[in-house]
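Enquirer: Sharing upload08.cif (mmCIF, C-alpha atoms and all ligand atoms) below.
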```
data_run
loop_
_atom_site.group_PDB
_atom_site.id
_atom_site.type_symbol
_atom_site.label_atom_id
_atom_site.label_comp_id
_atom_site.auth_asym_id
_atom_site.auth_seq_id
_atom_site.Cartn_x
_atom_site.Cartn_y
_atom_site.Cartn_z
ATOM 1 C CA MET B 1 0.000 0.000 0.000
ATOM 2 C CA LYS B 2 1.342 3.412 -0.991
ATOM 3 C CA ILE B 3 0.910 6.312 1.407
ATOM 4 C CA GLY B 4 0.974 9.998 0.485
ATOM 5 C CA ILE B 5 1.314 12.694 3.130
ATOM 6 C CA TYR B 6 -0.161 16.162 2.646
ATOM 7 C CA ASN B 7 0.395 18.698 5.403
ATOM 8 C CA ASN B 8 -0.077 22.388 6.099
ATOM 9 C CA GLU B 9 2.772 24.642 7.175
ATOM 10 C CA SER B 10 2.143 24.939 10.911
ATOM 11 C CA ALA B 11 5.011 23.901 13.179
ATOM 12 C CA GLU B 12 2.856 21.227 14.812
ATOM 13 C CA SER B 13 1.858 19.775 11.419
ATOM 14 C CA GLN B 14 5.492 19.600 10.384
ATOM 15 C CA ARG B 15 6.397 17.843 13.617
ATOM 16 C CA VAL B 16 3.598 15.290 13.139
ATOM 17 C CA THR B 17 4.562 14.837 9.472
ATOM 18 C CA LYS B 18 8.123 13.908 10.424
ATOM 19 C CA LEU B 19 6.860 11.514 13.086
ATOM 20 C CA LEU B 20 4.499 9.840 10.643
ATOM 21 C CA ARG B 21 7.159 9.581 7.915
ATOM 22 C CA ASP B 22 9.522 7.850 10.335
ATOM 23 C CA GLU B 23 6.796 5.456 11.480
ATOM 24 C CA ILE B 24 5.802 4.610 7.903
ATOM 25 C CA GLU B 25 9.408 3.917 7.008
ATOM 26 C CA ARG B 26 9.826 1.703 10.073
ATOM 27 C CA THR B 27 6.841 -0.477 9.130
ATOM 28 C CA GLY B 28 7.883 -0.923 5.501
ATOM 29 C CA LEU B 29 4.833 0.790 4.009
ATOM 30 C CA ASP B 30 5.593 2.652 0.770
ATOM 31 C CA HIS B 31 5.713 6.399 0.699
ATOM 32 C CA ASP B 32 4.438 7.727 -2.643
ATOM 33 C CA GLU B 33 3.189 11.277 -3.253
ATOM 34 C CA LYS B 34 2.387 10.777 -6.957
ATOM 35 C CA GLN B 35 0.050 7.793 -7.007
ATOM 36 C CA PRO B 36 -0.833 7.017 -3.418
ATOM 37 C CA ASP B 37 -3.550 4.574 -2.350
ATOM 38 C CA VAL B 38 -4.101 6.418 0.914
ATOM 39 C CA VAL B 39 -3.509 10.153 1.425
ATOM 40 C CA ILE B 40 -2.986 11.275 5.007
ATOM 41 C CA THR B 41 -3.606 14.968 5.551
ATOM 42 C CA ILE B 42 -2.107 16.736 8.538
ATOM 43 C CA GLY B 43 -3.618 20.064 9.565
ATOM 44 C CA GLY B 44 -7.284 21.011 9.548
ATOM 45 C CA ASP B 45 -10.356 20.592 7.393
ATOM 46 C CA GLY B 46 -8.902 23.251 5.098
ATOM 47 C CA THR B 47 -5.823 21.061 4.580
ATOM 48 C CA LEU B 48 -8.031 18.152 3.582
ATOM 49 C CA LEU B 49 -9.853 20.421 1.113
ATOM 50 C CA SER B 50 -6.514 21.303 -0.490
ATOM 51 C CA ALA B 51 -5.428 17.655 -0.642
ATOM 52 C CA PHE B 52 -8.753 16.729 -2.234
ATOM 53 C CA HIS B 53 -8.164 19.234 -5.043
ATOM 54 C CA HIS B 54 -4.519 18.249 -5.388
ATOM 55 C CA TYR B 55 -5.551 14.618 -6.050
ATOM 56 C CA ILE B 56 -8.801 15.409 -7.891
ATOM 57 C CA ASP B 57 -7.847 13.293 -10.922
ATOM 58 C CA GLN B 58 -7.357 10.184 -8.782
ATOM 59 C CA LEU B 59 -10.478 10.356 -6.599
ATOM 60 C CA ASP B 60 -11.746 6.948 -7.647
ATOM 61 C CA ARG B 61 -8.705 5.145 -6.290
ATOM 62 C CA ILE B 62 -7.565 7.237 -3.337
ATOM 63 C CA ARG B 63 -8.828 6.969 0.221
ATOM 64 C CA PHE B 64 -8.216 9.914 2.537
ATOM 65 C CA VAL B 65 -7.370 10.008 6.234
ATOM 66 C CA GLY B 66 -7.313 13.302 8.155
ATOM 67 C CA ILE B 67 -5.165 14.041 11.197
ATOM 68 C CA HIS B 68 -5.984 17.286 12.955
ATOM 69 C CA THR B 69 -3.302 19.328 14.634
ATOM 70 C CA GLY B 70 -5.608 22.159 15.682
ATOM 71 C CA HIS B 71 -9.197 21.813 16.866
ATOM 72 C CA LEU B 72 -11.464 18.879 16.052
ATOM 73 C CA GLY B 73 -12.429 18.863 12.406
ATOM 74 C CA PHE B 74 -15.170 17.346 10.291
ATOM 75 C CA TYR B 75 -12.905 15.599 7.800
ATOM 76 C CA THR B 76 -10.152 14.955 10.320
ATOM 77 C CA ASP B 77 -10.815 12.014 12.639
ATOM 78 C CA TRP B 78 -7.374 11.372 14.031
ATOM 79 C CA ARG B 79 -5.492 13.371 16.586
ATOM 80 C CA ASN B 80 -1.814 14.252 16.627
ATOM 81 C CA PHE B 81 -1.066 11.879 19.541
ATOM 82 C CA GLU B 82 -2.624 8.848 17.825
ATOM 83 C CA ILE B 83 0.053 8.257 15.173
ATOM 84 C CA ASP B 84 0.912 4.777 16.503
ATOM 85 C CA ASP B 85 -2.738 3.649 16.331
ATOM 86 C CA LEU B 86 -3.084 5.070 12.846
ATOM 87 C CA VAL B 87 0.045 3.335 11.566
ATOM 88 C CA ASP B 88 -1.202 0.026 13.061
ATOM 89 C CA SER B 89 -4.475 0.537 11.179
ATOM 90 C CA LEU B 90 -2.580 1.225 7.952
ATOM 91 C CA VAL B 91 -0.540 -1.946 8.356
ATOM 92 C CA GLN B 92 -3.699 -3.993 8.950
ATOM 93 C CA ASP B 93 -5.667 -2.192 6.233
ATOM 94 C CA SER B 94 -8.217 -4.326 4.423
ATOM 95 C CA GLY B 95 -9.560 -1.617 2.134
ATOM 96 C CA GLN B 96 -12.365 -0.444 4.413
ATOM 97 C CA SER B 97 -13.890 2.838 3.267
ATOM 98 C CA VAL B 98 -16.764 5.229 3.553
ATOM 99 C CA SER B 99 -17.713 7.687 0.808
ATOM 100 C CA TYR B 100 -19.642 10.938 0.528
ATOM 101 C CA PRO B 101 -21.269 12.897 -2.307
ATOM 102 C CA LEU B 102 -19.590 15.721 -4.215
ATOM 103 C CA LEU B 103 -20.955 18.615 -6.238
ATOM 104 C CA ASP B 104 -20.375 19.051 -9.972
ATOM 105 C CA MET B 105 -20.341 22.617 -11.191
ATOM 106 C CA HIS B 106 -20.255 23.990 -14.734
ATOM 107 C CA ALA B 107 -19.638 27.672 -15.347
ATOM 108 C CA VAL B 108 -20.521 29.264 -18.683
ATOM 109 C CA TYR B 109 -18.799 32.554 -19.595
ATOM 110 C CA SER B 110 -19.669 35.392 -21.958
ATOM 111 C CA ASP B 111 -17.000 34.310 -24.462
ATOM 112 C CA GLY B 112 -18.653 30.903 -24.824
ATOM 113 C CA THR B 113 -16.139 29.006 -22.740
ATOM 114 C CA VAL B 114 -17.245 26.467 -20.145
ATOM 115 C CA GLU B 115 -15.317 25.356 -17.082
ATOM 116 C CA SER B 116 -16.072 22.444 -14.782
ATOM 117 C CA PHE B 117 -15.201 22.042 -11.126
ATOM 118 C CA ILE B 118 -15.948 19.613 -8.311
ATOM 119 C CA ALA B 119 -16.633 20.866 -4.801
ATOM 120 C CA LEU B 120 -16.191 18.923 -1.590
ATOM 121 C CA ASN B 121 -17.655 21.648 0.669
ATOM 122 C CA GLU B 122 -19.439 24.214 -1.442
ATOM 123 C CA SER B 123 -19.514 26.776 -4.190
ATOM 124 C CA THR B 124 -20.611 30.348 -3.639
ATOM 125 C CA ILE B 125 -21.499 33.038 -6.147
ATOM 126 C CA ARG B 126 -21.403 36.605 -4.903
ATOM 127 C CA ASN B 127 -21.408 40.066 -6.319
ATOM 128 C CA ILE B 128 -18.833 42.147 -4.530
ATOM 129 C CA THR B 129 -19.771 45.600 -5.758
ATOM 130 C CA LYS B 130 -23.554 45.558 -6.138
ATOM 131 C CA THR B 131 -26.620 43.521 -5.349
ATOM 132 C CA MET B 132 -26.404 40.208 -7.137
ATOM 133 C CA VAL B 133 -29.349 39.635 -9.433
ATOM 134 C CA CYS B 134 -29.895 36.174 -10.815
ATOM 135 C CA ASP B 135 -32.584 33.803 -11.988
ATOM 136 C CA VAL B 136 -32.740 30.434 -10.282
ATOM 137 C CA TYR B 137 -33.778 27.468 -12.434
ATOM 138 C CA ILE B 138 -34.628 24.048 -11.017
ATOM 139 C CA ASN B 139 -34.540 21.308 -13.662
ATOM 140 C CA ASN B 140 -34.590 23.961 -16.414
ATOM 141 C CA GLN B 141 -37.695 25.700 -15.065
ATOM 142 C CA LEU B 142 -37.547 29.210 -13.689
ATOM 143 C CA PHE B 143 -38.116 29.042 -9.932
ATOM 144 C CA GLU B 144 -37.329 32.514 -8.550
ATOM 145 C CA ASN B 145 -35.512 35.775 -9.152
ATOM 146 C CA PHE B 146 -32.836 36.266 -6.534
ATOM 147 C CA ARG B 147 -31.528 39.619 -5.362
ATOM 148 C CA GLY B 148 -29.052 39.818 -2.515
ATOM 149 C CA ASP B 149 -25.421 39.242 -1.585
ATOM 150 C CA GLY B 150 -25.112 35.808 -3.095
ATOM 151 C CA LEU B 151 -25.925 32.121 -2.984
ATOM 152 C CA CYS B 152 -24.190 29.176 -1.359
ATOM 153 C CA ILE B 153 -24.525 25.689 -2.815
ATOM 154 C CA SER B 154 -23.157 23.002 -0.525
ATOM 155 C CA THR B 155 -22.656 19.268 -0.312
ATOM 156 C CA PRO B 156 -23.916 17.214 2.671
ATOM 157 C CA THR B 157 -20.459 17.194 4.301
ATOM 158 C CA GLY B 158 -19.980 20.868 3.441
ATOM 159 C CA SER B 159 -23.242 21.730 5.202
ATOM 160 C CA THR B 160 -21.422 22.290 8.523
ATOM 161 C CA ALA B 161 -19.095 24.867 6.928
ATOM 162 C CA TYR B 162 -20.056 28.104 5.117
ATOM 163 C CA ASN B 163 -23.593 26.817 4.570
ATOM 164 C CA LYS B 164 -24.211 26.750 8.317
ATOM 165 C CA SER B 165 -22.970 30.320 8.731
ATOM 166 C CA VAL B 166 -25.544 31.563 6.232
ATOM 167 C CA GLY B 167 -28.442 29.729 7.893
ATOM 168 C CA GLY B 168 -28.445 26.508 5.871
ATOM 169 C CA ALA B 169 -29.447 23.196 7.442
ATOM 170 C CA ILE B 170 -26.970 20.554 8.494
ATOM 171 C CA MET B 171 -27.371 17.490 6.294
ATOM 172 C CA ASP B 172 -26.683 13.924 7.316
ATOM 173 C CA PRO B 173 -23.453 13.074 5.439
ATOM 174 C CA ASN B 174 -25.028 9.825 4.270
ATOM 175 C CA SER B 175 -27.768 11.650 2.386
ATOM 176 C CA ILE B 176 -27.317 12.124 -1.345
ATOM 177 C CA GLY B 177 -28.105 15.619 -2.523
ATOM 178 C CA PHE B 178 -27.029 19.223 -2.163
ATOM 179 C CA GLN B 179 -28.297 22.430 -0.672
ATOM 180 C CA LEU B 180 -29.003 25.982 -1.786
ATOM 181 C CA ALA B 181 -28.801 28.686 0.891
ATOM 182 C CA GLU B 182 -29.354 32.413 0.424
ATOM 183 C CA MET B 183 -26.963 35.118 1.547
ATOM 184 C CA ALA B 184 -28.846 38.243 2.600
ATOM 185 C CA SER B 185 -31.656 38.061 0.067
ATOM 186 C CA LEU B 186 -33.717 41.171 -0.546
ATOM 187 C CA ASN B 187 -37.305 40.376 0.255
ATOM 188 C CA ASN B 188 -40.062 42.948 -0.059
ATOM 189 C CA ARG B 189 -43.208 43.499 -2.111
ATOM 190 C CA VAL B 190 -41.258 43.766 -5.329
ATOM 191 C CA PHE B 191 -38.505 41.209 -4.895
ATOM 192 C CA ARG B 192 -39.302 37.814 -3.498
ATOM 193 C CA THR B 193 -37.422 34.580 -3.032
ATOM 194 C CA LEU B 194 -38.362 31.475 -1.100
ATOM 195 C CA GLY B 195 -36.309 32.759 1.834
ATOM 196 C CA SER B 196 -35.434 29.357 3.281
ATOM 197 C CA PRO B 197 -32.704 26.884 2.341
ATOM 198 C CA ILE B 198 -33.628 24.132 -0.111
ATOM 199 C CA ILE B 199 -32.266 20.589 -0.109
ATOM 200 C CA PHE B 200 -32.256 18.938 -3.515
ATOM 201 C CA GLY B 201 -32.130 15.238 -4.304
ATOM 202 C CA ALA B 202 -29.697 13.212 -6.357
ATOM 203 C CA ASP B 203 -31.177 13.977 -9.779
ATOM 204 C CA THR B 204 -31.925 17.676 -9.525
ATOM 205 C CA LYS B 205 -30.141 20.206 -11.690
ATOM 206 C CA LEU B 206 -29.865 23.715 -10.323
ATOM 207 C CA MET B 207 -28.913 26.582 -12.599
ATOM 208 C CA LEU B 208 -28.125 30.168 -11.688
ATOM 209 C CA ARG B 209 -28.317 32.668 -14.563
ATOM 210 C CA LEU B 210 -26.782 36.008 -13.721
ATOM 211 C CA ARG B 211 -28.745 39.014 -14.872
ATOM 212 C CA ASP B 212 -25.859 41.440 -15.195
ATOM 213 C CA ALA B 213 -22.178 41.525 -15.948
ATOM 214 C CA ASN B 214 -21.008 42.988 -12.660
ATOM 215 C CA ASP B 215 -18.100 41.972 -10.532
ATOM 216 C CA HIS B 216 -18.721 38.401 -9.441
ATOM 217 C CA VAL B 217 -16.742 36.113 -7.216
ATOM 218 C CA MET B 218 -17.255 32.425 -7.728
ATOM 219 C CA THR B 219 -15.767 30.008 -5.224
ATOM 220 C CA CYS B 220 -15.190 26.285 -5.210
ATOM 221 C CA ASP B 221 -14.053 25.268 -1.715
ATOM 222 C CA ARG B 222 -10.824 27.219 -1.089
ATOM 223 C CA ASP B 223 -10.519 28.573 -4.637
ATOM 224 C CA GLN B 224 -11.799 32.033 -5.462
ATOM 225 C CA MET B 225 -12.298 33.232 -9.007
ATOM 226 C CA ARG B 226 -12.930 36.915 -9.493
ATOM 227 C CA LEU B 227 -14.790 37.655 -12.717
ATOM 228 C CA LYS B 228 -14.422 41.319 -13.362
ATOM 229 C CA ASN B 229 -16.610 43.135 -15.788
ATOM 230 C CA ALA B 230 -13.756 45.039 -17.382
ATOM 231 C CA GLU B 231 -13.560 45.963 -21.054
ATOM 232 C CA GLY B 232 -12.770 42.923 -23.167
ATOM 233 C CA LYS B 233 -12.839 40.553 -20.217
ATOM 234 C CA ARG B 234 -15.153 37.619 -19.978
ATOM 235 C CA HIS B 235 -17.851 37.586 -17.349
ATOM 236 C CA LEU B 236 -19.936 34.862 -15.832
ATOM 237 C CA LEU B 237 -23.276 34.025 -17.500
ATOM 238 C CA GLU B 238 -24.540 30.971 -15.681
ATOM 239 C CA VAL B 239 -23.475 28.199 -13.347
ATOM 240 C CA SER B 240 -25.185 24.844 -13.006
ATOM 241 C CA TYR B 241 -24.926 22.353 -10.173
ATOM 242 C CA GLN B 242 -25.692 18.681 -9.770
ATOM 243 C CA VAL B 243 -24.647 15.805 -7.529
ATOM 244 C CA SER B 244 -21.438 14.425 -9.020
ATOM 245 C CA LYS B 245 -20.988 10.838 -10.189
ATOM 246 C CA LYS B 246 -17.702 10.952 -8.293
ATOM 247 C CA ARG B 247 -17.462 10.606 -4.547
ATOM 248 C CA ILE B 248 -14.775 11.165 -1.943
ATOM 249 C CA TYR B 249 -13.527 8.040 -0.146
ATOM 250 C CA PHE B 250 -12.138 7.936 3.364
ATOM 251 C CA ALA B 251 -10.275 4.990 4.873
ATOM 252 C CA ARG B 252 -12.592 4.079 7.688
ATOM 253 C CA TYR B 253 -10.500 2.463 10.397
ATOM 254 C CA ARG B 254 -12.946 3.368 13.125
ATOM 255 C CA HIS B 255 -16.378 4.827 13.409
ATOM 256 C CA THR B 256 -16.858 8.442 14.418
ATOM 257 C CA ASN B 257 -20.348 9.554 15.233
ATOM 258 C CA PHE B 258 -21.275 12.528 13.056
ATOM 259 C CA TRP B 259 -23.910 13.932 15.389
ATOM 260 C CA ASN B 260 -21.530 13.781 18.352
ATOM 261 C CA ARG B 261 -19.086 15.777 16.321
ATOM 262 C CA VAL B 262 -21.742 18.357 15.459
ATOM 263 C CA LYS B 263 -22.583 18.590 19.140
ATOM 264 C CA ASP B 264 -18.926 18.905 20.206
ATOM 265 C CA SER B 265 -18.184 21.545 17.583
ATOM 266 C CA PHE B 266 -21.203 23.767 17.890
ATOM 267 C CA ILE B 267 -22.996 23.181 21.170
ATOM 268 C CA GLY B 268 -20.526 21.865 23.713
ATOM 269 C CA GLY B 269 -21.572 20.318 26.979
ATOM 270 C CA ALA B 270 -25.330 19.885 26.764
ATOM 271 C CA LYS B 271 -26.701 18.558 30.066
HETATM 272 P P1 LIG K 1 -10.864 28.962 6.873
HETATM 273 O O1 LIG K 1 -11.308 30.381 6.799
HETATM 274 O O2 LIG K 1 -9.686 28.582 7.680
HETATM 275 O O3 LIG K 1 -12.108 28.013 7.281
HETATM 276 C C1 LIG K 1 -13.155 28.440 7.984
HETATM 277 C C2 LIG K 1 -13.496 27.359 9.004
HETATM 278 O O4 LIG K 1 -14.302 26.351 8.380
HETATM 279 C C3 LIG K 1 -12.306 26.641 9.605
HETATM 280 O O5 LIG K 1 -12.496 26.548 10.994
HETATM 281 C C4 LIG K 1 -12.354 25.284 8.950
HETATM 282 O O6 LIG K 1 -11.806 24.270 9.725
HETATM 283 C C5 LIG K 1 -13.842 25.086 8.838
HETATM 284 N N1 LIG K 1 -14.325 24.067 7.916
HETATM 285 C C6 LIG K 1 -13.882 23.724 6.677
HETATM 286 N N2 LIG K 1 -14.627 22.741 6.163
HETATM 287 C C7 LIG K 1 -15.568 22.434 7.089
HETATM 288 C C8 LIG K 1 -16.633 21.502 7.140
HETATM 289 N N3 LIG K 1 -16.902 20.685 6.115
HETATM 290 N N4 LIG K 1 -17.420 21.483 8.257
HETATM 291 C C9 LIG K 1 -17.184 22.305 9.285
HETATM 292 N N5 LIG K 1 -16.190 23.206 9.309
HETATM 293 C C10 LIG K 1 -15.394 23.267 8.205
HETATM 294 O O7 LIG K 1 -10.681 28.452 5.391
HETATM 295 P P2 LIG K 1 -10.253 27.011 4.917
HETATM 296 O O8 LIG K 1 -9.637 26.251 6.027
HETATM 297 O O9 LIG K 1 -9.525 27.220 3.649
HETATM 298 O O10 LIG K 1 -11.664 26.325 4.594
HETATM 299 C C11 LIG K 1 -12.386 26.698 3.462
HETATM 300 C C12 LIG K 1 -13.816 26.650 3.868
HETATM 301 O O11 LIG K 1 -14.076 27.707 4.781
HETATM 302 C C13 LIG K 1 -14.796 26.899 2.743
HETATM 303 O O12 LIG K 1 -15.039 25.726 2.020
HETATM 304 C C14 LIG K 1 -16.000 27.394 3.512
HETATM 305 O O13 LIG K 1 -16.864 26.344 3.839
HETATM 306 C C15 LIG K 1 -15.455 27.951 4.790
HETATM 307 N N6 LIG K 1 -15.751 29.381 4.883
HETATM 308 C C16 LIG K 1 -16.648 29.759 5.811
HETATM 309 C C17 LIG K 1 -17.026 31.086 5.905
HETATM 310 C C18 LIG K 1 -18.046 31.459 6.923
HETATM 311 O O14 LIG K 1 -18.471 30.578 7.669
HETATM 312 N N7 LIG K 1 -18.477 32.700 6.952
HETATM 313 C C19 LIG K 1 -16.484 32.044 5.055
HETATM 314 C C20 LIG K 1 -15.546 31.613 4.115
HETATM 315 C C21 LIG K 1 -15.180 30.270 4.030
HETATM 316 P P3 LIG K 1 -10.200 24.109 9.910
HETATM 317 O O15 LIG K 1 -9.791 25.204 10.844
HETATM 318 O O16 LIG K 1 -10.080 22.752 10.520
HETATM 319 O O17 LIG K 1 -9.527 24.229 8.572
HETATM 320 MN MN MN K 2 -8.575 26.297 7.841
#
```
Translate the structure described by the file into structure tokens.
Ligand code: NAP
Ligand code: MN
Expert:
Amino acid sequence: MKIGIYNNESAESQRVTKLLRDEIERTGLDHDEKQPDVVITIGGDGTLLSAFHHYIDQLDRIRFVGIHTGHLGFYTDWRNFEIDDLVDSLVQDSGQSVSYPLLDMHAVYSDGTVESFIALNESTIRNITKTMVCDVYINNQLFENFRGDGLCISTPTGSTAYNKSVGGAIMDPNSIGFQLAEMASLNNRVFRTLGSPIIFGADTKLMLRLRDANDHVMTCDRDQMRLKNAEGKRHLLEVSYQVSKKRIYFARYRHTNFWNRVKDSFIGGAK
């Protein structure tokens, strides 16, 4: 089995990385950054997001494992003092895995070009200079006209991230679908949107058609693309979203209870 290690720059992550490298070498497991079977990330959820995009072309064969060196994360099950246990699990690995849905996104630009992305957490579309105006289509039918700061489209596992901050619901990570949440929508007698988050199923196609060529920022997880409406520059016309055929796989050496993690992260000691 070939192991890849992907770490962030913090001093603690570098310390843990060295420890893990030494342990892997000691056990005779292969260390391979190019075509690993298992990728171990060391850092936070953000580090796992970066590793996911780094290995995006090999998603069907890679299983991820997250070690957190800061606070408890949602993609990071292992703690920095559990390296020995983790290495034992790697040595005894029998291919056990758990997988979660991803979000396909296709952006169409004014010059006719199309770009595709896959999100693990979410994509957001925002207008950074004016009110964003866009038409929301569900399965090619016009659903509403949105006016506001922007929209956040998240996966089930991304629902505890940005989506939660903008009032979206937390989704069970085993559900297959994605969610649309509004960011500061304008709602009055003239402009009206649904006003609540929507959870779509596995076969729904969501399309956002921007009404104007203003300054938009489109994000896919950690990546930000600024689409400026400057002379001769392309702008964003529409973006469509659907549950991806691809999934992310994690090596599941032990069970972590999702709802306990939600409780630990957001509520604390409920009595
Ligand atoms: P960051 O600004 O360091 O991340 C913001 C926080 O979100 C961090 O505490 C991060 O955990 C946490 N996080 C990431 N994925 C999560 C998930 N699936 N569930 C729960 N918490 C999660 O930026 P980053 O580390 O590059 O992460 C990028 C993500 O930040 C984006 O995908 C977006 O979801 C989120 N974000 C949130 C807001 C907001 O809530 N207002 C604004 C911008 C971006 P770690 O510290 O463990 O990395
Ligand atoms: Mn982070």
Enquirer: To verify the selection step, state as a short mmCIF file (atom, residue, chain, number, x, y, z; two decimals) with C-alpha atoms, in the frame of the given file which residues the PyMOL selection byres (((chain B and resi 180-194) around 9) and not hetatm) yields on this input.
Expert:
```
data_model
loop_
_atom_site.label_atom_id
_atom_site.label_comp_id
_atom_site.auth_asym_id
_atom_site.auth_seq_id
_atom_site.Cartn_x
_atom_site.Cartn_y
_atom_site.Cartn_z
CA ARG B 126 -21.40 36.60 -4.90
CA THR B 131 -26.62 43.52 -5.35
CA PHE B 143 -38.12 29.04 -9.93
CA GLU B 144 -37.33 32.51 -8.55
CA ASN B 145 -35.51 35.78 -9.15
CA PHE B 146 -32.84 36.27 -6.53
CA ARG B 147 -31.53 39.62 -5.36
CA GLY B 148 -29.05 39.82 -2.52
CA ASP B 149 -25.42 39.24 -1.58
CA GLY B 150 -25.11 35.81 -3.10
CA LEU B 151 -25.92 32.12 -2.98
CA CYS B 152 -24.19 29.18 -1.36
CA ILE B 153 -24.52 25.69 -2.82
CA SER B 154 -23.16 23.00 -0.52
CA ASN B 163 -23.59 26.82 4.57
CA LYS B 164 -24.21 26.75 8.32
CA VAL B 166 -25.54 31.56 6.23
CA GLY B 167 -28.44 29.73 7.89
CA GLY B 168 -28.44 26.51 5.87
CA ALA B 169 -29.45 23.20 7.44
CA PHE B 178 -27.03 19.22 -2.16
CA GLN B 179 -28.30 22.43 -0.67
CA GLY B 195 -36.31 32.76 1.83
CA SER B 196 -35.43 29.36 3.28
CA PRO B 197 -32.70 26.88 2.34
CA ILE B 198 -33.63 24.13 -0.11
CA ILE B 199 -32.27 20.59 -0.11
CA PHE B 200 -32.26 18.94 -3.52
CA LEU B 206 -29.86 23.72 -10.32
#
```
Enquirer: Which protein, DNA or RNA residues are at most 10 Å from (-9.2, 21.9, 0.6) in the file's coordinates when you count all atoms listed in the file, listed as a PDB file with C-alpha atoms, in the frame of the given file?
Expert:
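The resulting file, part.pdb, is shown below:
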```pdb
ATOM      1  CA  GLY B  44      -7.284  21.011   9.548  1.00  0.00           C
ATOM      2  CA  ASP B  45     -10.356  20.592   7.393  1.00  0.00           C
ATOM      3  CA  GLY B  46      -8.902  23.251   5.098  1.00  0.00           C
ATOM      4  CA  THR B  47      -5.823  21.061   4.580  1.00  0.00           C
ATOM      5  CA  LEU B  48      -8.031  18.152   3.582  1.00  0.00           C
ATOM      6  CA  LEU B  49      -9.853  20.421   1.113  1.00  0.00           C
ATOM      7  CA  SER B  50      -6.514  21.303  -0.490  1.00  0.00           C
ATOM      8  CA  ALA B  51      -5.428  17.655  -0.642  1.00  0.00           C
ATOM      9  CA  PHE B  52      -8.753  16.729  -2.234  1.00  0.00           C
ATOM     10  CA  HIS B  53      -8.164  19.234  -5.043  1.00  0.00           C
ATOM     11  CA  HIS B  54      -4.519  18.249  -5.388  1.00  0.00           C
ATOM     12  CA  ALA B 119     -16.633  20.866  -4.801  1.00  0.00           C
ATOM     13  CA  LEU B 120     -16.191  18.923  -1.590  1.00  0.00           C
ATOM     14  CA  ASN B 121     -17.655  21.648   0.669  1.00  0.00           C
ATOM     15  CA  CYS B 220     -15.190  26.285  -5.210  1.00  0.00           C
ATOM     16  CA  ASP B 221     -14.053  25.268  -1.715  1.00  0.00           C
ATOM     17  CA  ARG B 222     -10.824  27.219  -1.089  1.00  0.00           C
ATOM     18  CA  ASP B 223     -10.519  28.573  -4.637  1.00  0.00           C
TER      19      ASP B 223
END
```
Enquirer: Tell me which of B:Met171, B:Ala230, B:Val87, B:Ile118 sits closest to Ile56 of chain B, counting only C-alpha atoms.
Expert: B:Ile118
Enquirer: Would you please work out which residue, of B:Thr17, B:Ser159, B:Asn257, B:Asn127, is nearest to ligand LIG 1 (chain K) when using all atoms listed in the file?
Expert: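 Ranked by minimum distance to ligand LIG 1 (chain K), first place goes to B:Ser159.
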Enquirer: Please evaluate the PyMOL selection byres (((chain B and resi 78) around 9) and not hetatm) against the displayed coordinates and give the resulting residues as a PyMOL selection string.
Expert: chain B and resi 65-69+72+76-77+79-83+86
Enquirer: For the structure shown, which residues end up in the PyMOL selection byres (((chain B and resi 240-256) around 6) and not hetatm)? Put them as a PyMOL selection string, please?
Expert: chain B and resi 63-65+96-106+202+205-207+239+257
Enquirer: Could you tell me how far atom CA of Glu238 of chain B lies from atom CA of Cys134 of chain B, in Å and to one decimal?
Expert: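 The value is 8.9 Å.
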Enquirer: Please provide the set of residues having any atom within 7 Å of Ile128 of chain B, restricted to only C-alpha atoms, with same-chain residues fewer than 2 positions apart removed, written as a PyMOL selection string.
Expert: chain B and resi 126+130+215-217
Enquirer: Name the closest residue to ligand LIG 1 (chain K) among the candidates B:Leu90, B:Tyr75, B:Val108, B:Asp84; distances are taken between atoms, counting only C-alpha atoms and all ligand atoms.
Expert: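 Once distances to ligand LIG 1 (chain K) are computed over only C-alpha atoms and all ligand atoms, the minimum belongs to B:Tyr75.
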Enquirer: Could you tell me which of B:Ala11, B:Leu20, B:Ile42, B:Val91 comes closest to ligand MN 2 (chain K) if we count all atoms listed in the file?
Expert: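 Closest to ligand MN 2 (chain K) of all the choices is B:Ile42.
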Enquirer: Quick one: 4 Å padding each side, axis-aligned, all listed atoms of ligand LIG 1 (chain K) - centre and edge lengths in Å to one decimal, as JSON?
Expert:
```
{"center_x": -14.0, "center_y": 26.7, "center_z": 6.5, "size_x": 17.0, "size_y": 20.0, "size_z": 17.0}
```
Enquirer: Quick check, in Å to one decimal: how far apart do atom CA of Gln58 of chain B and atom CA of His31 of chain B lie?
Expert: 16.6 Å
Enquirer: Given only C-alpha atoms as the basis, pick out the residue of B:Gln35, B:Thr157, B:Gly43, B:Leu29 nearest to Ser10 of chain B.
Expert: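 Using only C-alpha atoms, the shortest distance to Ser10 of chain B belongs to B:Gly43.
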Enquirer: Please report the interatomic distance between atom CA of Asp93 of chain B and atom CA of Ser175 of chain B in Å with one decimal.
Expert: 26.4 Å
Enquirer: Counting all atoms listed in the file, which of B:Gln14, B:Asn214, B:Asn8, B:Ser110 gets nearest to ligand MN 2 (chain K)?
Expert: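 Among the listed residues, B:Asn8 lies closest to ligand MN 2 (chain K).
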